[in-house]
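Enquirer: CSV, C-alpha atoms, saved as data00.csv, coming up:
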chain,number,residue,atom,x,y,z
A,1,MET,CA,53.8,10.1,25.9
A,2,PRO,CA,52.2,7.7,23.4
A,3,ARG,CA,50.8,5.8,26.4
A,4,VAL,CA,49.1,8.9,27.7
A,5,VAL,CA,47.6,9.5,24.3
A,6,SER,CA,46.3,5.9,24.2
A,7,VAL,CA,44.8,6.2,27.6
A,8,LEU,CA,43.1,9.5,26.7
A,9,ALA,CA,41.7,8.0,23.5
A,10,VAL,CA,40.2,5.1,25.4
A,11,VAL,CA,38.7,7.5,27.9
A,12,ILE,CA,37.2,9.6,25.2
A,13,ALA,CA,35.8,6.6,23.3
A,14,ALA,CA,34.3,5.2,26.5
A,15,GLY,CA,32.7,8.6,27.1
A,16,LEU,CA,31.3,8.8,23.7
A,17,ILE,CA,29.7,5.3,24.0
A,18,GLY,CA,28.2,6.4,27.3
A,19,CYS,CA,26.7,9.4,25.6
A,20,GLN,CA,24.9,7.4,23.0
A,21,GLN,CA,21.5,7.5,24.6
A,22,ALA,CA,18.5,6.1,22.7
A,23,HIS,CA,16.9,8.7,20.5
A,24,VAL,CA,13.3,8.8,21.7
A,25,ILE,CA,10.6,10.7,19.7
A,26,ASP,CA,7.9,10.3,22.4
A,27,ASP,CA,7.5,8.1,25.4
A,28,LEU,CA,4.0,6.5,25.3
A,29,SER,CA,4.4,4.7,28.6
A,30,ASP,CA,2.3,7.3,30.3
A,31,ALA,CA,-0.5,6.9,27.7
A,32,SER,CA,-3.5,4.5,27.8
A,33,TYR,CA,-5.9,4.2,24.9
A,34,ALA,CA,-8.9,1.9,25.4
A,35,LEU,CA,-9.4,0.3,22.0
A,36,LEU,CA,-11.0,-2.8,20.5
A,37,ASP,CA,-9.3,-5.6,18.7
A,38,ARG,CA,-11.0,-7.2,15.6
A,39,ASP,CA,-12.7,-9.8,17.8
A,40,SER,CA,-14.2,-6.9,19.9
A,41,ALA,CA,-11.9,-7.7,22.8
A,42,ALA,CA,-10.7,-4.7,24.8
A,43,VAL,CA,-7.1,-3.7,24.3
A,44,SER,CA,-5.3,-1.1,26.3
A,45,PHE,CA,-2.6,0.4,24.2
A,46,PRO,CA,0.3,0.5,24.7
A,47,GLU,CA,0.1,-1.4,28.1
A,48,ASP,CA,-1.1,-4.6,26.5
A,49,VAL,CA,1.9,-4.8,24.2
A,50,ALA,CA,4.5,-3.6,26.8
A,51,GLY,CA,7.7,-5.7,26.7
A,52,ASP,CA,7.4,-6.3,23.0
A,53,ILE,CA,8.8,-4.3,20.1
A,54,VAL,CA,5.9,-2.8,18.2
A,55,LEU,CA,5.5,-1.9,14.6
A,56,LEU,CA,2.4,0.3,14.4
A,57,GLY,CA,0.7,1.2,11.2
A,58,TYR,CA,-2.3,3.6,10.5
A,59,ILE,CA,-4.9,2.9,7.9
A,60,TYR,CA,-8.5,3.2,6.9
A,61,THR,CA,-9.9,0.2,5.1
A,62,ASN,CA,-11.7,2.2,2.4
A,63,CYS,CA,-8.3,3.4,1.2
A,64,PRO,CA,-7.5,1.5,-2.0
A,65,ASP,CA,-4.0,2.7,-2.8
A,66,VAL,CA,-1.8,4.1,-0.1
A,67,CYS,CA,-2.9,2.2,3.0
A,68,PRO,CA,-2.6,-1.2,1.2
A,69,MET,CA,1.0,-0.4,0.5
A,70,THR,CA,1.6,0.2,4.2
A,71,THR,CA,-0.1,-3.0,5.1
A,72,ALA,CA,1.9,-4.9,2.4
A,73,ASN,CA,5.2,-3.5,3.7
A,74,MET,CA,4.4,-4.5,7.3
A,75,LYS,CA,3.3,-7.9,6.1
A,76,GLN,CA,6.6,-8.4,4.2
A,77,ALA,CA,8.6,-7.3,7.2
A,78,ARG,CA,6.7,-9.7,9.4
A,79,GLU,CA,7.4,-12.5,7.0
A,80,GLN,CA,11.1,-11.6,6.8
A,81,LEU,CA,11.2,-11.8,10.6
A,82,ASP,CA,9.4,-15.1,10.4
A,83,ALA,CA,6.5,-14.0,12.5
A,84,PRO,CA,8.5,-13.3,15.7
A,85,ASP,CA,7.0,-13.7,19.2
A,86,ASP,CA,8.8,-10.6,20.5
A,87,VAL,CA,7.6,-8.2,17.8
A,88,GLN,CA,3.9,-7.2,17.9
A,89,PHE,CA,2.4,-5.9,14.6
A,90,VAL,CA,-0.4,-3.5,15.2
A,91,THR,CA,-2.6,-1.7,12.7
A,92,VAL,CA,-5.0,1.0,13.9
A,93,THR,CA,-7.7,2.7,11.9
A,94,PHE,CA,-8.3,6.5,12.0
A,95,ASP,CA,-11.7,5.9,10.5
A,96,PRO,CA,-13.4,4.1,13.5
A,97,LEU,CA,-17.0,4.8,12.5
A,98,ARG,CA,-16.7,2.7,9.4
A,99,ASP,CA,-13.9,0.4,10.5
A,100,THR,CA,-15.7,-1.6,13.1
A,101,PRO,CA,-14.1,-4.7,14.6
A,102,SER,CA,-15.8,-7.0,12.1
A,103,VAL,CA,-14.6,-4.8,9.2
A,104,MET,CA,-11.0,-4.9,10.6
A,105,GLN,CA,-11.4,-8.7,10.9
A,106,GLN,CA,-12.4,-8.8,7.2
A,107,TYR,CA,-9.4,-6.6,6.3
A,108,SER,CA,-7.0,-8.9,8.2
A,109,GLU,CA,-8.4,-11.9,6.4
A,110,THR,CA,-8.1,-10.1,3.0
A,111,TRP,CA,-4.4,-9.6,3.8
A,112,GLY,CA,-3.9,-13.3,4.8
A,113,VAL,CA,-3.1,-12.6,8.4
A,114,GLY,CA,-6.5,-13.3,10.0
A,115,ASP,CA,-5.2,-16.3,11.8
A,116,THR,CA,-2.1,-14.5,13.3
A,117,ASP,CA,-1.7,-12.4,16.4
A,118,TRP,CA,-1.4,-9.2,14.4
A,119,MET,CA,-3.6,-6.7,16.1
A,120,PHE,CA,-6.1,-4.7,14.1
A,121,LEU,CA,-7.5,-2.0,16.4
A,122,THR,CA,-10.4,0.4,16.3
A,123,GLY,CA,-12.3,2.3,19.0
A,124,ASP,CA,-14.5,5.2,19.8
A,125,THR,CA,-13.8,8.3,17.8
A,126,THR,CA,-12.6,10.4,20.8
A,127,THR,CA,-10.1,7.8,21.8
A,128,VAL,CA,-8.8,7.1,18.4
A,129,ASN,CA,-8.4,10.8,17.6
A,130,ALA,CA,-6.6,11.4,20.9
A,131,MET,CA,-4.1,8.6,20.0
A,132,MET,CA,-3.6,9.9,16.5
A,133,ARG,CA,-3.0,13.5,17.8
A,134,ARG,CA,-0.5,12.2,20.3
A,135,ILE,CA,1.5,10.3,17.7
A,136,GLY,CA,1.1,13.0,15.1
A,137,ILE,CA,-1.2,11.3,12.6
A,138,ARG,CA,-3.3,13.8,10.7
A,139,HIS,CA,-6.4,12.8,8.9
A,140,GLN,CA,-9.3,14.6,7.3
A,141,ILE,CA,-12.0,14.0,4.7
A,142,THR,CA,-11.0,15.5,1.4
A,143,ASP,CA,-12.8,13.6,-1.3
A,144,THR,CA,-16.2,12.0,-1.7
A,145,THR,CA,-17.8,9.9,-4.4
A,146,THR,CA,-21.3,8.5,-4.9
A,147,THR,CA,-21.7,4.9,-6.0
A,148,ASP,CA,-24.2,3.8,-8.6
A,149,ASP,CA,-26.4,2.7,-5.7
A,150,GLY,CA,-26.5,6.3,-4.4
A,151,GLU,CA,-24.2,5.7,-1.4
A,152,GLU,CA,-21.9,8.5,-0.6
A,153,ILE,CA,-18.4,7.4,0.2
A,154,PHE,CA,-15.7,9.7,1.6
A,155,PHE,CA,-12.0,9.4,1.3
A,156,ILE,CA,-9.4,10.7,3.8
A,157,SER,CA,-6.1,12.5,3.3
A,158,HIS,CA,-3.8,11.2,6.0
A,159,THR,CA,-0.3,11.0,7.3
A,160,ASP,CA,1.5,8.1,5.7
A,161,LEU,CA,3.6,6.5,8.5
A,162,VAL,CA,4.5,3.4,10.4
A,163,THR,CA,6.0,3.7,13.8
A,164,LEU,CA,8.6,1.7,15.6
A,165,ILE,CA,8.1,1.4,19.4
A,166,ASP,CA,10.6,-0.2,21.7
A,167,ARG,CA,10.0,-2.6,24.6
A,168,GLU,CA,9.6,0.4,27.0
A,169,GLY,CA,6.8,1.9,25.0
A,170,ARG,CA,8.9,4.7,23.5
A,171,ILE,CA,8.5,5.8,19.9
A,172,ARG,CA,12.0,5.4,18.4
A,173,GLN,CA,11.4,6.0,14.7
A,174,HIS,CA,8.7,6.9,12.2
A,175,TYR,CA,8.9,5.7,8.6
A,176,GLY,CA,7.0,6.5,5.4
A,177,GLY,CA,4.3,3.8,5.7
A,178,SER,CA,3.8,3.2,2.0
A,179,ARG,CA,7.3,4.1,0.9
A,180,THR,CA,9.7,2.3,3.2
A,181,PRO,CA,11.2,-1.0,2.0
A,182,PRO,CA,10.4,-3.8,4.5
A,183,GLU,CA,14.1,-4.5,4.7
A,184,ILE,CA,14.7,-1.2,6.5
A,185,LEU,CA,12.0,-2.0,9.0
A,186,VAL,CA,13.5,-5.4,9.6
A,187,GLU,CA,17.0,-3.9,10.0
A,188,ASP,CA,15.8,-1.4,12.6
A,189,ILE,CA,13.8,-4.0,14.5
A,190,GLU,CA,16.9,-6.2,14.7
A,191,LYS,CA,18.9,-3.2,16.0
A,192,LEU,CA,16.3,-2.7,18.8
A,193,ARG,CA,16.6,-6.4,19.6
A,194,ASN,CA,20.3,-6.1,19.9
A,195,GLY,CA,20.2,-2.9,21.9
A,196,GLU,CA,21.9,-0.9,19.1
A,197,THR,CA,21.1,2.7,18.3
A,198,LEU,CA,18.9,3.4,15.3
B,1,MET,CA,18.9,-21.9,-48.9
B,2,ILE,CA,19.8,-19.5,-46.1
B,3,MET,CA,17.8,-16.8,-47.7
B,4,ARG,CA,14.8,-19.1,-48.0
B,5,ARG,CA,15.0,-20.1,-44.3
B,6,MET,CA,15.2,-16.5,-43.3
B,7,CYS,CA,12.1,-15.7,-45.3
B,8,ALA,CA,10.3,-18.5,-43.7
B,9,LEU,CA,11.3,-17.3,-40.3
B,10,VAL,CA,10.1,-13.7,-41.0
B,11,LEU,CA,6.9,-15.0,-42.4
B,12,GLY,CA,6.4,-17.1,-39.4
B,13,GLY,CA,7.0,-14.2,-37.1
B,14,VAL,CA,4.5,-12.0,-39.0
B,15,LEU,CA,1.9,-14.7,-38.7
B,16,ILE,CA,2.5,-15.1,-35.0
B,17,LEU,CA,2.1,-11.3,-34.5
B,18,ALA,CA,-1.0,-11.2,-36.7
B,19,GLY,CA,-2.4,-14.0,-34.6
B,20,CYS,CA,-1.7,-12.0,-31.4
B,21,GLN,CA,-3.7,-9.1,-32.7
B,22,GLY,CA,-6.7,-10.9,-33.8
B,23,GLY,CA,-9.8,-11.7,-31.8
B,24,GLY,CA,-11.3,-8.2,-31.2
B,25,SER,CA,-10.7,-6.2,-28.1
B,26,SER,CA,-8.8,-8.4,-25.8
B,27,ASN,CA,-5.1,-7.4,-25.7
B,28,ASP,CA,-3.6,-8.4,-22.4
B,29,HIS,CA,0.1,-8.4,-23.4
B,30,SER,CA,2.7,-8.6,-20.8
B,31,ALA,CA,5.2,-6.2,-22.4
B,32,ALA,CA,5.1,-3.0,-24.3
B,33,GLY,CA,7.4,-4.5,-26.8
B,34,VAL,CA,4.7,-6.7,-28.1
B,35,ALA,CA,2.5,-3.7,-29.0
B,36,ASP,CA,1.9,-2.8,-32.6
B,37,ALA,CA,3.4,0.6,-33.3
B,38,ASP,CA,0.0,1.7,-34.6
B,39,THR,CA,-2.4,0.9,-31.9
B,40,LEU,CA,-3.2,1.3,-28.2
B,41,TRP,CA,-2.4,-1.4,-25.6
B,42,VAL,CA,-3.1,-2.1,-22.0
B,43,TYR,CA,-0.7,-4.5,-20.4
B,44,GLY,CA,0.8,-5.5,-17.0
B,45,ALA,CA,-2.5,-5.2,-15.2
B,46,TRP,CA,-2.9,-6.4,-11.6
B,47,ALA,CA,-5.3,-5.8,-8.8
B,48,ARG,CA,-5.1,-5.4,-5.0
B,49,PRO,CA,-7.0,-7.9,-2.8
B,50,GLY,CA,-10.2,-6.6,-1.3
B,51,SER,CA,-13.1,-7.9,0.8
B,52,ALA,CA,-16.7,-8.1,-0.3
B,53,GLY,CA,-18.2,-4.7,0.1
B,54,GLY,CA,-14.8,-3.2,0.3
B,55,MET,CA,-12.3,-1.6,-2.1
B,56,SER,CA,-9.7,-2.7,-4.5
B,57,ALA,CA,-7.4,-1.0,-7.0
B,58,VAL,CA,-6.3,-2.0,-10.5
B,59,TYR,CA,-3.0,-0.9,-11.9
B,60,ALA,CA,-1.7,-1.3,-15.5
B,61,GLN,CA,0.2,0.5,-18.2
B,62,ILE,CA,-1.3,2.0,-21.3
B,63,GLN,CA,0.8,2.4,-24.4
B,64,ASN,CA,-0.6,4.6,-27.1
B,65,GLY,CA,1.2,3.8,-30.4
B,66,THR,CA,-1.1,5.9,-32.5
B,67,ALA,CA,-0.5,9.5,-33.7
B,68,ALA,CA,-3.6,10.8,-31.8
B,69,VAL,CA,-4.3,11.6,-28.2
B,70,ASP,CA,-6.7,9.1,-26.7
B,71,THR,CA,-8.7,9.3,-23.5
B,72,LEU,CA,-9.5,6.6,-21.0
B,73,HIS,CA,-13.1,7.6,-20.2
B,74,ALA,CA,-14.4,4.5,-18.4
B,75,VAL,CA,-13.4,1.2,-16.8
B,76,THR,CA,-15.7,-1.6,-15.9
B,77,THR,CA,-15.4,-5.0,-14.2
B,78,PRO,CA,-17.9,-7.5,-13.1
B,79,VAL,CA,-16.9,-7.4,-9.5
B,80,ALA,CA,-17.8,-3.7,-8.8
B,81,ASN,CA,-20.6,-1.5,-10.0
B,82,THR,CA,-18.7,1.7,-9.3
B,83,VAL,CA,-15.3,2.1,-10.9
B,84,GLU,CA,-13.4,5.3,-11.0
B,85,VAL,CA,-10.0,6.5,-12.0
B,86,HIS,CA,-8.3,8.4,-9.2
B,87,GLU,CA,-4.9,9.8,-8.5
B,88,SER,CA,-3.0,9.6,-5.1
B,89,PHE,CA,-1.1,12.8,-4.3
B,90,GLU,CA,0.8,14.4,-1.5
B,91,ASN,CA,-0.4,17.5,0.2
B,92,GLU,CA,1.9,20.4,1.3
B,93,ASP,CA,1.7,19.2,4.9
B,94,GLY,CA,2.9,15.7,3.9
B,95,THR,CA,-0.4,14.0,4.2
B,96,ARG,CA,-1.5,11.8,1.3
B,97,GLY,CA,-4.9,11.8,-0.4
B,98,MET,CA,-6.8,10.9,-3.5
B,99,ARG,CA,-8.7,12.9,-6.1
B,100,PRO,CA,-10.7,11.9,-9.2
B,101,ALA,CA,-8.5,11.8,-12.3
B,102,GLY,CA,-10.8,10.7,-15.1
B,103,PRO,CA,-11.2,11.0,-18.0
B,104,LEU,CA,-7.5,10.3,-18.3
B,105,PRO,CA,-5.7,11.5,-21.5
B,106,VAL,CA,-3.2,9.2,-23.0
B,107,PRO,CA,-0.7,11.2,-25.2
B,108,ALA,CA,-0.1,10.3,-28.8
B,109,GLY,CA,2.9,8.0,-29.0
B,110,GLY,CA,3.1,8.0,-25.2
B,111,GLN,CA,2.4,6.0,-22.1
B,112,VAL,CA,0.4,6.4,-18.9
B,113,LYS,CA,1.2,4.3,-15.9
B,114,LEU,CA,-1.4,3.3,-13.4
B,115,GLU,CA,0.8,2.4,-10.4
B,116,PRO,CA,0.7,2.4,-6.6
B,117,GLY,CA,0.9,6.0,-5.3
B,118,GLY,CA,-0.2,7.5,-8.6
B,119,PHE,CA,-3.0,6.9,-11.0
B,120,HIS,CA,-5.2,3.9,-10.2
B,121,VAL,CA,-8.5,2.4,-11.0
B,122,MET,CA,-10.7,2.2,-7.9
B,123,LEU,CA,-13.1,-0.6,-7.6
B,124,ILE,CA,-15.7,0.6,-5.1
B,125,ARG,CA,-17.9,-1.7,-3.0
B,126,LEU,CA,-16.7,-5.1,-4.4
B,127,SER,CA,-19.6,-7.5,-5.0
B,128,GLU,CA,-17.3,-10.3,-3.9
B,129,ALA,CA,-14.0,-10.8,-2.2
B,130,VAL,CA,-11.0,-10.8,-4.5
B,131,GLN,CA,-8.0,-12.7,-3.2
B,132,PRO,CA,-4.5,-13.6,-4.5
B,133,GLY,CA,-5.0,-16.4,-7.1
B,134,ASP,CA,-8.1,-14.7,-8.5
B,135,SER,CA,-7.9,-12.9,-11.8
B,136,LEU,CA,-10.3,-10.0,-12.6
B,137,THR,CA,-11.7,-9.2,-16.1
B,138,VAL,CA,-11.2,-5.4,-16.6
B,139,ASP,CA,-12.5,-3.5,-19.5
B,140,PHE,CA,-10.7,-0.2,-20.3
B,141,GLN,CA,-12.7,2.0,-22.6
B,142,PHE,CA,-11.0,4.6,-24.7
B,143,ALA,CA,-12.6,7.4,-26.7
B,144,ARG,CA,-10.8,6.5,-29.9
B,145,ALA,CA,-9.4,3.0,-29.5
B,146,GLY,CA,-12.6,1.6,-28.0
B,147,SER,CA,-12.6,-1.3,-25.6
B,148,ARG,CA,-9.5,-3.1,-24.3
B,149,VAL,CA,-10.3,-6.1,-22.1
B,150,VAL,CA,-7.5,-7.4,-19.9
B,151,ARG,CA,-7.1,-9.9,-17.1
B,152,ALA,CA,-5.8,-8.5,-13.8
B,153,PRO,CA,-4.3,-11.1,-11.4
B,154,VAL,CA,-4.8,-10.2,-7.8
B,155,ARG,CA,-1.6,-9.7,-5.9
B,156,MET,CA,-0.4,-8.5,-2.5
B,157,GLN,CA,2.6,-6.8,-4.1
B,158,PRO,CA,3.3,-5.2,-7.5
B,159,PRO,CA,4.8,-7.7,-10.0
B,160,GLU,CA,8.7,-7.7,-10.1
Rewrite the coordinates I just gave you, this time as structure tokens.
Expert:
Amino acid sequence: MPRVVSVLAVVIAAGLIGCQQAHVIDDLSDASYALLDRDSAAVSFPEDVAGDIVLLGYIYTNCPDVCPMTTANMKQAREQLDAPDDVQFVTVTFDPLRDTPSVMQQYSETWGVGDTDWMFLTGDTTTVNAMMRRIGIRHQITDTTTTDDGEEIFFISHTDLVTLIDREGRIRQHYGGSRTPPEILVEDIEKLRNGETL
Amino acid sequence: MIMRRMCALVLGGVLILAGCQGGGSSNDHSAAGVADADTLWVYGAWARPGSAGGMSAVYAQIQNGTAAVDTLHAVTTPVANTVEVHESFENEDGTRGMRPAGPLPVPAGGQVKLEPGGFHVMLIRLSEAVQPGDSLTVDFQFARAGSRVVRAPVRMQPPE
């Protein structure tokens, strides 16, 4: 009798392991967004990063407070992973009219990653908006100010996220972009590397 | 003998504190504990990196040791012509935005923190790039206490 119970336990355990399918928020493998990198080179996202784990952040460069926290967290995660070859860091702007490739290049240099393979992407408004809609990033102008020189500058309320995408182009997790300790991002990237569930 | 030595130590301490408070408006102390109970201090200032023509933010703590409410009504720095106090906030739908927050009251005997995700000083259209290793001169101007000039080192991350 105890032997029957043991066998049953093994069968149930094996069944449970088999049932642990990856939790997928959205499969982006059917998507294709024609974007521009900071050197104005064409990037097709996510095809051009297929096969890599991707940590994707969303910013606008005129954001002085929340977006820098997101970039800082991603940078720390990248440093903790020792700039890995199999993890692609990608930052995309939701303010493409102002955030041209050269502005994104300046932003990358400001953050000390201008000489790395970290992608800083922009594009035409229609494409960027479509990508943001698909991923669930909301953004709208909510505040403006006028500089002493008379220039009107607008600021954007936006979703505060970073997204983890697996090697198959599937969104596996969203995190608070400015609020998630880099250690958690690193831990989940390691889990994806090891084929573990998040 | 012991009493005499203690007196000398106390006197020395008083002189050091007096020395710290001299020299007009500059008062960039690193800890609130240094602050005189009867004045207003700005300390722990730091700034985000930013590119020329771009944005930065300055954070600091303001300790008001006086018995009167004060108001931060302006901030200036040589690296930006337009400087504003703003507050980051979260909307009901979870999105995050900013709104103007000045003039900013500082309660009597209280403290205001300018910190990431909350109140911050926005440096708009930087006249030059500011990078880690740089240190900005920032003048906090209060209605009652007047000017408090501090140095704000540029950092990628908040100080530990």
Enquirer: If you measure from atom CA of His120 of chain B to atom CA of Asn62 of chain A, what distance in Å do you get, rounded to one decimal?
Expert: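 That distance, rounded to one decimal, is 14.3 Å.
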Enquirer: Would you give me, as a PDB file with C-alpha atoms, in the coordinates of the input, the residues of chain B that come within 8 Å of chain A, using only C-alpha atoms?
Expert:
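Once written, result-v4.pdb looks like this:
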ATOM      1  CA  ARG B  48      -5.100  -5.400  -5.000  1.00  0.00           C
ATOM      2  CA  PRO B  49      -7.000  -7.900  -2.800  1.00  0.00           C
ATOM      3  CA  GLY B  50     -10.200  -6.600  -1.300  1.00  0.00           C
ATOM      4  CA  SER B  51     -13.100  -7.900   0.800  1.00  0.00           C
ATOM      5  CA  GLY B  54     -14.800  -3.200   0.300  1.00  0.00           C
ATOM      6  CA  MET B  55     -12.300  -1.600  -2.100  1.00  0.00           C
ATOM      7  CA  SER B  56      -9.700  -2.700  -4.500  1.00  0.00           C
ATOM      8  CA  ALA B  57      -7.400  -1.000  -7.000  1.00  0.00           C
ATOM      9  CA  ASN B  81     -20.600  -1.500 -10.000  1.00  0.00           C
ATOM     10  CA  THR B  82     -18.700   1.700  -9.300  1.00  0.00           C
ATOM     11  CA  SER B  88      -3.000   9.600  -5.100  1.00  0.00           C
ATOM     12  CA  GLY B  94       2.900  15.700   3.900  1.00  0.00           C
ATOM     13  CA  THR B  95      -0.400  14.000   4.200  1.00  0.00           C
ATOM     14  CA  ARG B  96      -1.500  11.800   1.300  1.00  0.00           C
ATOM     15  CA  GLY B  97      -4.900  11.800  -0.400  1.00  0.00           C
ATOM     16  CA  MET B  98      -6.800  10.900  -3.500  1.00  0.00           C
ATOM     17  CA  ARG B  99      -8.700  12.900  -6.100  1.00  0.00           C
ATOM     18  CA  PRO B 116       0.700   2.400  -6.600  1.00  0.00           C
ATOM     19  CA  GLY B 117       0.900   6.000  -5.300  1.00  0.00           C
ATOM     20  CA  HIS B 120      -5.200   3.900 -10.200  1.00  0.00           C
ATOM     21  CA  MET B 122     -10.700   2.200  -7.900  1.00  0.00           C
ATOM     22  CA  ILE B 124     -15.700   0.600  -5.100  1.00  0.00           C
ATOM     23  CA  ALA B 129     -14.000 -10.800  -2.200  1.00  0.00           C
ATOM     24  CA  GLN B 131      -8.000 -12.700  -3.200  1.00  0.00           C
ATOM     25  CA  MET B 156      -0.400  -8.500  -2.500  1.00  0.00           C
ATOM     26  CA  GLN B 157       2.600  -6.800  -4.100  1.00  0.00           C
TER      27      GLN B 157
END
Enquirer: Rank nothing, just name the residue among A:Thr126, A:Gln21, A:Gln80, A:Gln88 nearest to Asp48 of chain A, using all atoms listed in the file.
Expert: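 When distances to Asp48 of chain A are compared using all atoms listed in the file, the smallest one comes from A:Gln88.
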Enquirer: Could you give me, as a count of residues only, the residues within 6 Å of Asp52 of chain A, counting all atoms listed in the file and dropping anything in the same chain fewer than 2 positions from it?
Expert: 5
Enquirer: For the atom pair atom CA of Thr70 of chain A and atom CA of Thr91 of chain A, what is the interatomic distance in Å to one decimal place?
Expert: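 Separation of atom CA of Thr70 of chain A and atom CA of Thr91 of chain A: 9.7 Å.
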Enquirer: Mind checking which residues fall within 7 Å of Phe45 of chain A, counting all atoms listed in the file, ignoring those fewer than 5 positions away in the same chain, and posting them as a list in words?
Expert: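 Once the adjacent positions are removed, what remains is Ser32, Tyr33 and Ala34 of chain A.
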